[in-house]
Amino acid sequence: MFCAFQEPACILRLYGQGQTILPDSPAWNSLYPLFPHKILKNMNYQVVNQLNETQICELVELYKNEFWSQNRTYQGVVKMLVASDIIIGLVNEEEQLIGFCRVLSDFVYRAVLYDVIVKPSYRKRGFGAKLLNEVVNHPQLKEVENIALFCLPEMIPFYQRWGFTDVVKLELMYRYQ
């Protein structure tokens, strides 16, 4: 058995088994870690800085899959997007949202990165890295003194690749409404 990518590049043909594997199929999850550079390199996607109505609905659906955002509503997400300083979305060839993050900033001293999220069927294929590259190389953030983010402990090594560090031990405090 051997694998070959077929046009469009997000289709994987398994020779010797007569199978075609599509990104949303269960078999894809076991195969794409073997070829992440090939998949991202050949996959057509676009970076956008605003979302259309359909993409906002898709973002709400993505949020429903995460413990930290499962209670977000369409109306709340629309309001959140309007108040965000920078929006970075990744969309596929069909203009479906496959990745998203947003930034709040004063554009001088501080910026906070929020909501780094990739559609489950597109994870472990380099799209999270693409989002982070877009953030750290964003022209409006190049001169910002400090970019912060919140993440789970298991995600620290991922963010460290872009120079994020957890050496400052601060207590996070919340005021709930």
# chains A, B, ... in the order shown; residues from 1 in each chain; ligands from 1

call {"tool": "select_by_dssp", "arguments": {"residues": "range 43-93 of chain A", "states": "strand (DSSP E)", "output": "VMD selection string"}}
result
chain A and resid 45 to 48 86 to 92

call {"tool": "write_last_selection", "arguments": {"atoms": "N, CA and C atoms", "output": "short mmCIF file (atom, residue, chain, number, x, y, z; two decimals), in the first residue's frame"}}
result
data_model
loop_
_atom_site.label_atom_id
_atom_site.label_comp_id
_atom_site.auth_asym_id
_atom_site.auth_seq_id
_atom_site.Cartn_x
_atom_site.Cartn_y
_atom_site.Cartn_z
N TYR A 45 -6.15 27.71 0.68
CA TYR A 45 -6.86 28.42 1.73
C TYR A 45 -6.54 29.89 1.58
N GLN A 46 -7.34 30.70 2.23
CA GLN A 46 -7.17 32.15 2.14
C GLN A 46 -7.26 32.73 3.53
N VAL A 47 -6.48 33.77 3.78
CA VAL A 47 -6.55 34.52 5.03
C VAL A 47 -7.52 35.67 4.82
N VAL A 48 -8.47 35.81 5.75
CA VAL A 48 -9.44 36.91 5.67
C VAL A 48 -9.41 37.70 6.97
N ILE A 86 -8.39 43.10 15.63
CA ILE A 86 -7.87 42.33 14.49
C ILE A 86 -8.59 41.00 14.47
N ILE A 87 -9.05 40.62 13.30
CA ILE A 87 -9.69 39.31 13.09
C ILE A 87 -8.87 38.60 12.02
N ILE A 88 -8.52 37.36 12.30
CA ILE A 88 -7.80 36.55 11.31
C ILE A 88 -8.58 35.25 11.14
N GLY A 89 -9.05 35.04 9.94
CA GLY A 89 -9.76 33.81 9.62
C GLY A 89 -9.05 33.08 8.50
N LEU A 90 -9.14 31.78 8.51
CA LEU A 90 -8.66 30.96 7.40
C LEU A 90 -9.87 30.29 6.78
N VAL A 91 -10.01 30.42 5.47
CA VAL A 91 -11.14 29.81 4.78
C VAL A 91 -10.62 28.90 3.67
N ASN A 92 -11.35 27.82 3.42
CA ASN A 92 -10.96 26.88 2.38
C ASN A 92 -11.49 27.33 1.02
#

call {"tool": "closest_atom_pairs", "arguments": {"of": "range 28-118 of chain A", "to": "range 136-146 of chain A", "cutoff": "12 Å", "atoms": "only C-alpha atoms", "output": "tab-separated table"}}
result
residue	atom	partner	partner_atom	distance
A:Val47	CA	A:His138	CA	11.9
A:Asn49	CA	A:His138	CA	11.2
A:Asp85	CA	A:Gln140	CA	9.8
A:Ile86	CA	A:Gln140	CA	8.8
A:Ile87	CA	A:His138	CA	10.7
A:Ile88	CA	A:His138	CA	9.8
A:Arg102	CA	A:His138	CA	11.7
A:Val103	CA	A:Leu141	CA	9.5
A:Leu104	CA	A:Leu141	CA	10.4
A:Ser105	CA	A:Leu141	CA	8.4
A:Asp106	CA	A:Val144	CA	8.3
A:Phe107	CA	A:Val144	CA	5.6
A:Val108	CA	A:Val144	CA	4.7
A:Tyr109	CA	A:Glu145	CA	4.7
A:Arg110	CA	A:Asn146	CA	5.0
A:Ala111	CA	A:Asn146	CA	6.3
A:Val112	CA	A:Asn146	CA	8.4
A:Leu113	CA	A:Val136	CA	10.0

call {"tool": "closest_residue", "arguments": {"among": "A:Met155, A:Asp115, A:Glu94, A:Ala83", "to": "Leu62 in chain A", "atoms": "only C-alpha atoms"}}
result
A:Asp115

call {"tool": "residues_around", "arguments": {"residues": "Gly128 in chain A", "least_positions_apart": "3", "cutoff": "10 Å", "atoms": "only C-alpha atoms", "output": "number ranges by chain"}}
result
A: 90, 98-101, 116-119, 122-125, 131-134, 158-159

call {"tool": "residues_around", "arguments": {"residues": "Thr54 in chain A", "least_positions_apart": "4", "cutoff": "10 Å", "atoms": "only C-alpha atoms", "output": "NGL selection string"}}
result
:A and (58-60 or 95-97)

call {"tool": "decode", "arguments": {"residues": "range 76-90 of chain A", "atoms": "all heavy atoms", "output": "short mmCIF file (atom, residue, chain, number, x, y, z; two decimals), in the first residue's frame"}}
result
data_model
loop_
_atom_site.label_atom_id
_atom_site.label_comp_id
_atom_site.auth_asym_id
_atom_site.auth_seq_id
_atom_site.Cartn_x
_atom_site.Cartn_y
_atom_site.Cartn_z
N GLY A 76 -23.98 37.28 20.40
CA GLY A 76 -22.78 37.62 21.17
C GLY A 76 -21.52 37.60 20.31
O GLY A 76 -20.64 38.46 20.45
N VAL A 77 -21.42 36.63 19.42
CA VAL A 77 -20.24 36.53 18.55
C VAL A 77 -20.20 37.71 17.58
O VAL A 77 -19.13 38.28 17.33
CB VAL A 77 -20.22 35.17 17.81
CG1 VAL A 77 -19.15 35.15 16.72
CG2 VAL A 77 -19.98 34.04 18.82
N VAL A 78 -21.33 38.12 17.04
CA VAL A 78 -21.36 39.30 16.16
C VAL A 78 -20.86 40.52 16.91
O VAL A 78 -20.01 41.28 16.40
CB VAL A 78 -22.78 39.53 15.60
CG1 VAL A 78 -22.88 40.89 14.91
CG2 VAL A 78 -23.15 38.41 14.64
N LYS A 79 -21.34 40.73 18.11
CA LYS A 79 -20.91 41.87 18.94
C LYS A 79 -19.41 41.78 19.23
O LYS A 79 -18.69 42.78 19.18
CB LYS A 79 -21.73 41.89 20.23
CG LYS A 79 -21.52 43.11 21.08
CD LYS A 79 -22.48 43.10 22.26
CE LYS A 79 -22.25 44.31 23.14
NZ LYS A 79 -23.17 44.32 24.28
N MET A 80 -18.92 40.57 19.55
CA MET A 80 -17.51 40.34 19.83
C MET A 80 -16.66 40.69 18.61
O MET A 80 -15.61 41.34 18.74
CB MET A 80 -17.30 38.87 20.21
CG MET A 80 -15.86 38.44 20.34
SD MET A 80 -15.68 36.66 20.19
CE MET A 80 -15.77 36.44 18.42
N LEU A 81 -17.08 40.28 17.43
CA LEU A 81 -16.32 40.55 16.21
C LEU A 81 -16.22 42.04 15.93
O LEU A 81 -15.16 42.54 15.55
CB LEU A 81 -16.94 39.82 15.02
CG LEU A 81 -16.83 38.30 15.04
CD1 LEU A 81 -17.68 37.70 13.92
CD2 LEU A 81 -15.39 37.84 14.92
N VAL A 82 -17.31 42.76 16.14
CA VAL A 82 -17.31 44.21 15.93
C VAL A 82 -16.32 44.88 16.87
O VAL A 82 -15.62 45.82 16.48
CB VAL A 82 -18.73 44.78 16.12
CG1 VAL A 82 -18.72 46.30 16.17
CG2 VAL A 82 -19.65 44.29 15.00
N ALA A 83 -16.20 44.39 18.10
CA ALA A 83 -15.33 45.00 19.10
C ALA A 83 -13.89 44.52 19.02
O ALA A 83 -13.03 45.04 19.73
CB ALA A 83 -15.89 44.74 20.50
N SER A 84 -13.59 43.54 18.19
CA SER A 84 -12.22 43.03 18.07
C SER A 84 -11.40 43.94 17.16
O SER A 84 -11.89 44.44 16.15
CB SER A 84 -12.24 41.61 17.50
OG SER A 84 -12.88 40.73 18.40
N ASP A 85 -10.14 44.17 17.54
CA ASP A 85 -9.27 45.05 16.76
C ASP A 85 -8.73 44.37 15.51
O ASP A 85 -8.58 45.00 14.47
CB ASP A 85 -8.11 45.55 17.63
CG ASP A 85 -8.61 46.40 18.78
OD1 ASP A 85 -9.35 47.36 18.51
OD2 ASP A 85 -8.26 46.10 19.94
N ILE A 86 -8.39 43.10 15.63
CA ILE A 86 -7.87 42.33 14.49
C ILE A 86 -8.59 41.00 14.47
O ILE A 86 -8.69 40.32 15.49
CB ILE A 86 -6.35 42.12 14.60
CG1 ILE A 86 -5.61 43.46 14.52
CG2 ILE A 86 -5.85 41.16 13.51
CD1 ILE A 86 -4.12 43.36 14.79
N ILE A 87 -9.05 40.62 13.30
CA ILE A 87 -9.69 39.31 13.09
C ILE A 87 -8.87 38.60 12.02
O ILE A 87 -8.57 39.17 10.97
CB ILE A 87 -11.15 39.48 12.61
CG1 ILE A 87 -12.00 40.07 13.72
CG2 ILE A 87 -11.71 38.16 12.12
CD1 ILE A 87 -13.38 40.51 13.25
N ILE A 88 -8.52 37.36 12.30
CA ILE A 88 -7.80 36.55 11.31
C ILE A 88 -8.58 35.25 11.14
O ILE A 88 -8.77 34.50 12.09
CB ILE A 88 -6.36 36.26 11.76
CG1 ILE A 88 -5.59 37.58 11.90
CG2 ILE A 88 -5.67 35.32 10.75
CD1 ILE A 88 -4.23 37.44 12.54
N GLY A 89 -9.05 35.04 9.94
CA GLY A 89 -9.76 33.81 9.62
C GLY A 89 -9.05 33.08 8.50
O GLY A 89 -8.41 33.71 7.65
N LEU A 90 -9.14 31.78 8.51
CA LEU A 90 -8.66 30.96 7.40
C LEU A 90 -9.87 30.29 6.78
O LEU A 90 -10.68 29.70 7.50
CB LEU A 90 -7.68 29.89 7.90
CG LEU A 90 -6.42 30.38 8.62
CD1 LEU A 90 -5.59 29.19 9.09
CD2 LEU A 90 -5.60 31.29 7.72
#
